[in-house]
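Undergrad: So that we are looking at the same thing, I have put the structure below in structure tokens.
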Amino acid sequence: MEYHVSLLTSEAQERLLAKVEVAPIAPNGSAAREAELWAQYNRQSAKNKARAEQRMALLMEVEAQEKAGSGRTAASNVVARKHGVCPRSIGDWRALVAGVPKEGWLPRLATQHKGGGKQVEIDEGAWQFFKKDYSRVSNPALKASYNRTVEEYAAPRGIAVPSFKTFKRRYDKEVPVLAQIALREGKEAVRLTNPPQRRTVLGLHAMEVVNSDGHEFDVFVEWEDGKIGRPIGIGIQDVYSRKMLAWRIGKSENTALIRLTFADLFQQWGIPENALMDNGRAFTSKAMTGGAKTRYRGKIAEDEVTGVLTSLGVHTRWAKPFRGSSKPIERAWRDLCAEHIAKHWSIEGAYTGNKPDAKPENYRQRAIPIAQFRELVAQQVAFHNARQGRRTEAAAGRSLDETFLASYNASTISKATQDQLCYALYESRESKCHKDHGAVQLFRNAYHTPEMVALRGQKVIVRFDPENLHSSVFIYRRTGEYLCEAPILSKVGFLDQQGAVEQGRAEANVRKQARKYVEAQNLLTERRMAELAKACAEPDDEVPRPKPGAARMVRPMGPTVAQLKPRQQTIPETAEPTFMDDFTAGIARLRVVE
């Protein structure tokens with residue numbers, strides 16, 4: 001006789017399993033089937049999973065009752081009454097897991113939902129109309145697109161369409177999620193579906209890479225001329241330590257402000273090896289990066305002015321447009337400017353809000369003097385750099401100042417000379433010297449020095465301080481060689497006698513200088529020149545004239561014949577012609593040509 005092991009008591013089953021190693025029964029004899037059941041179970045909702053776990057707990061409790069000596073039916077009835085379920089349901093659950101190890105009970109006890117009947121059909125034209133209307137970057141609502149489909153397409157044609165939930169289920173089924181994002185949210189949303197790049201700075205050192213960017217403060221300030229506006233800040237940050245190294249405040253993001261900010265960096269900390277720049281036109285101007293082959297902005301001419309960064313050997317790199325994550329300084333702007341500067345208690349009432357629909361209640365209550373605002377920015381930048389507990393990769397709990405100085409003191413940094421600082425501080429512009437006196441014209445100011453006379457009509461590079469146009473300018477050749485320093489020619493009154501005297505004195509000095517130059521040439525006098533010329537005109541030996549091999553007589557022709565005919569001479573009757581007279585008359589008919 002053969003009996004199934006499940007018919008034995010629990011104690012008998014345990015003794016039997018202790019003696020005989022029984023291999024676990026694979027569900028339906030297939031491991032693939034078991035994996036499929038678990039995959040279906042993982043796709044179930046939390047509610048269905050909780051129900052399956054409850055059923056398994058009841059079956060385990062029935063099994064415990066059986067091991068205690070109760071019969072299966074009695075145990076099932078006790079557990080059913082205790083938990084308020086039908087005993088027959090317990091029997092059905094036992095049937096689902098019959099012959100299956102306990103580790104395979106959960107996926108079989110979960111409710112197996114199967115698809116409902118036939119899929120609801122949607123008119124193809126209505127479906128295409130809905131899909132096109134719903135798949136737009138304006139991101140219309142599902143209900144609105146469904147209503148337009150019914151009212152503008154289906155109703156005029158007498159077509160019946162199912163509910164909008166049916167449209168939504170089919171749209172989610174047929175259109176992939178990535179395609180939905182691209183159609184309804186745009187390219188930027190598609191880019192954000194890719195995890196951001198994680199970059200490390202542990203391989204860098206201080207001043208190896210700096211990044212620069214501009215920021216418009218959400219604060220109203222009063223400028224020196226009384227005008228009210230929002231200031232622009234230009235900042236330079238060390239990428240390794242995240243320390244803010246240099247900054248400037250101005251009315252706009254222009255090349256002069258950026259150049260002065262870099263000049264502060266060169267003077268205080270040195271020359272960086274690389275500069276990650278913003279993609280704006282002020283940062284990519286020829287005054288900053290002229291001559292760089294990787295500028296990609298504007299036409300690169302062969303004779304263009306070399307920019308400040310290019311001339312100092314700084315390798316410029318460019319951040320992607322509209323990609324704030326490319327520049328670490330954007331994070332500093334958000335932390336430093338948004339909270340610690342714009343919302344500082346000392347400038348309460350000047351805050352503008354960070355967007356048009358977020359204006360504070362005290363909007364335009366006051367404007368801060370620009371000098372006071374610059375002091376506040378300097379103070380908050382110092383606090384920002386000295387704040388402890390930084391969680392950046394390089395800081396690891398230290399302040400930005402400590403992180404920067406630890407690497408700065410152990411690194412080789414290029415220092416800027418005085419000439420390089422002058423080169424960075426002054427703005428450059430190409431100008432043409434006057435054709436007569438060589439002066440250059442700049443912003444309605446004239447600059448001249450006697451050395452510029454040699455540059456009449458030539459194009460030169462003028463370097464000047466844009467914040468002090470009344471100071472001297474520096475003249476360079478277009479190839480970069482320094483020439484001279486030219487002071488400004490001050491204007492005088494129309495009837496200013498002293499100005500006229502000074503002008504006359506200047507002209508006299510020019511004539512005197514020119515006379516010295518002429519005397520220094522030690523030129524020959526006119527008398528000495530005449531002597532030298534006379535000596536050349538009177539040769540020592542007479543040069544014999546060459547003679548032809550033969551002389552040919554030329555007989556005159558044409559109108560000259562009549563002129564060469566001998567004139568009839570009136571011979572006095574008393575005098576007879578002599579031999580000489582006849583000979584002379586004959587000779588007159590002849591002409592000898594050598």
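Each chain in the structure tokens gets a letter, A, B, ..., in the order shown, and its residues are numbered from 1; ligands are numbered from 1 in order too.
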If you count only C-alpha atoms, which residues fall within 10 Å of region 396-409 of chain A, apart from same-chain ones fewer than 3 positions away, as a VMD selection string?
TA: chain A and resid 204 to 208 238 to 245 269 382 to 393 412 to 413
Undergrad: For a test of reading the model, state the distance in Å between CA of Asp357 (chain A) and CA of Gly233 (chain A), rounded to one decimal.
TA: 23.3 Å
Undergrad: Considering only C-alpha atoms, state which residue in the set A:Val210, A:Val137, A:Ala446, A:Leu421 is at the smallest distance from Gln180 (chain A).
TA: A:Val137
Undergrad: Would you please extract all strand (DSSP E) residues from region 150-308 of chain A, as assigned by DSSP on the backbone, and give them as a ChimeraX atom specification?
TA: /A:209-216,221-222,228-229,232-238,244-250,274-277
Undergrad: Determine, counting only C-alpha atoms, which protein, DNA and RNA residues have an atom within 8 Å of an atom of region 37-45 of chain A; residues of the same chain fewer than 5 positions away are not included. Present the result as a list in words.
TA: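 My list of contacting residues is Leu106, Pro107, Arg108 and Ala110 of chain A.
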Undergrad: The selected residues should be written to file as a short mmCIF file (atom, residue, chain, number, x, y, z; two decimals), in the first residue's frame (atoms: N, CA and C atoms).
TA:
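Everything below was put into again_0.cif:
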data_model
loop_
_atom_site.label_atom_id
_atom_site.label_comp_id
_atom_site.auth_asym_id
_atom_site.auth_seq_id
_atom_site.Cartn_x
_atom_site.Cartn_y
_atom_site.Cartn_z
N LEU A 106 3.18 32.53 -0.95
CA LEU A 106 2.70 33.91 -1.13
C LEU A 106 2.21 34.21 -2.54
N PRO A 107 2.98 33.95 -3.62
CA PRO A 107 2.47 34.29 -4.95
C PRO A 107 1.21 33.53 -5.34
N ARG A 108 0.98 32.33 -4.73
CA ARG A 108 -0.22 31.55 -5.07
C ARG A 108 -1.44 31.99 -4.26
N ALA A 110 -1.97 35.16 -3.47
CA ALA A 110 -2.37 36.49 -3.91
C ALA A 110 -3.48 36.38 -4.94
#
Undergrad: Find, counting only C-alpha atoms, the residue in A:Leu309, A:Ile249, A:Leu469, A:Leu336 that gets nearest to Pro272 (chain A).
TA: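 For Pro272 (chain A), the nearest of the candidates is A:Leu309.
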Undergrad: Distance CA of Leu489 (chain A)-CA of Val308 (chain A), one decimal place?
TA: 27.6 Å
Undergrad: Work out how far apart CA of Glu63 (chain A) and CA of Ala50 (chain A) are and give it in Å to one decimal.
TA: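 So the two atoms, CA of Glu63 (chain A) and CA of Ala50 (chain A), lie 20.1 Å apart.
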Undergrad: Hey, which of A:Ala144, A:Ala126, A:Ile370, A:Ala394 ends up closest to Pro156 (chain A)? Count only C-alpha atoms.
TA: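 Ranking A:Ala144, A:Ala126, A:Ile370, A:Ala394 by distance to Pro156 (chain A), first place goes to A:Ala126.
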Undergrad: Per DSSP on the backbone, filter region 115-311 of chain A down to the residues in helix (DSSP H, G or I) and report them as a PyMOL selection string.
TA: chain A and resi 124-134+142-157+164-174+177-184+187-192+255-268+286-289+308-311
Undergrad: So that I can see what lies close to His470 (chain A), please list as a VMD selection string the residues with an atom at most 10 Å from it, counting only C-alpha atoms and leaving out residues fewer than 5 positions away in the same chain.
TA: chain A and resid 445 to 447 464 to 465 487 to 490
Undergrad: Just write the chosen residues, C-alpha atoms, as an mmCIF file, in the first residue's frame.
TA:
data_model
loop_
_atom_site.group_PDB
_atom_site.id
_atom_site.type_symbol
_atom_site.label_atom_id
_atom_site.label_comp_id
_atom_site.auth_asym_id
_atom_site.auth_seq_id
_atom_site.Cartn_x
_atom_site.Cartn_y
_atom_site.Cartn_z
ATOM 1 C CA ASN A 445 39.790 113.101 -25.495
ATOM 2 C CA ALA A 446 43.133 113.521 -27.250
ATOM 3 C CA TYR A 447 46.392 111.972 -26.049
ATOM 4 C CA PHE A 464 43.501 103.030 -20.813
ATOM 5 C CA ASP A 465 41.744 102.989 -17.460
ATOM 6 C CA PRO A 487 49.203 112.090 -21.399
ATOM 7 C CA ILE A 488 45.872 113.720 -22.107
ATOM 8 C CA LEU A 489 45.727 117.016 -23.966
ATOM 9 C CA SER A 490 43.653 119.215 -21.672
#
Undergrad: Kindly indicate which residue among A:Pro231, A:Gly280, A:Gly104, A:Gly84 lies nearest to Cys337 (chain A), using only C-alpha atoms for the distances.
TA: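 Answer, going by the shortest atom-to-atom distance: A:Pro231.
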Undergrad: Identify, on the basis of only C-alpha atoms, every residue whose closest approach to Pro466 (chain A) does not exceed 12 Å; exclude the query and any residue fewer than 4 positions from it along the same chain; express the result as an MDAnalysis selection string.
TA: chainID A and resid 254:257 259:260 425:429 442:443 462 470:473
Undergrad: Of the candidates A:Ile347, A:Met580, A:Val314, A:Ala416, which one gets nearest to Val209 (chain A) if we count only C-alpha atoms?
TA: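 Looking at the shortest contact to Val209 (chain A), the residue is A:Val314.
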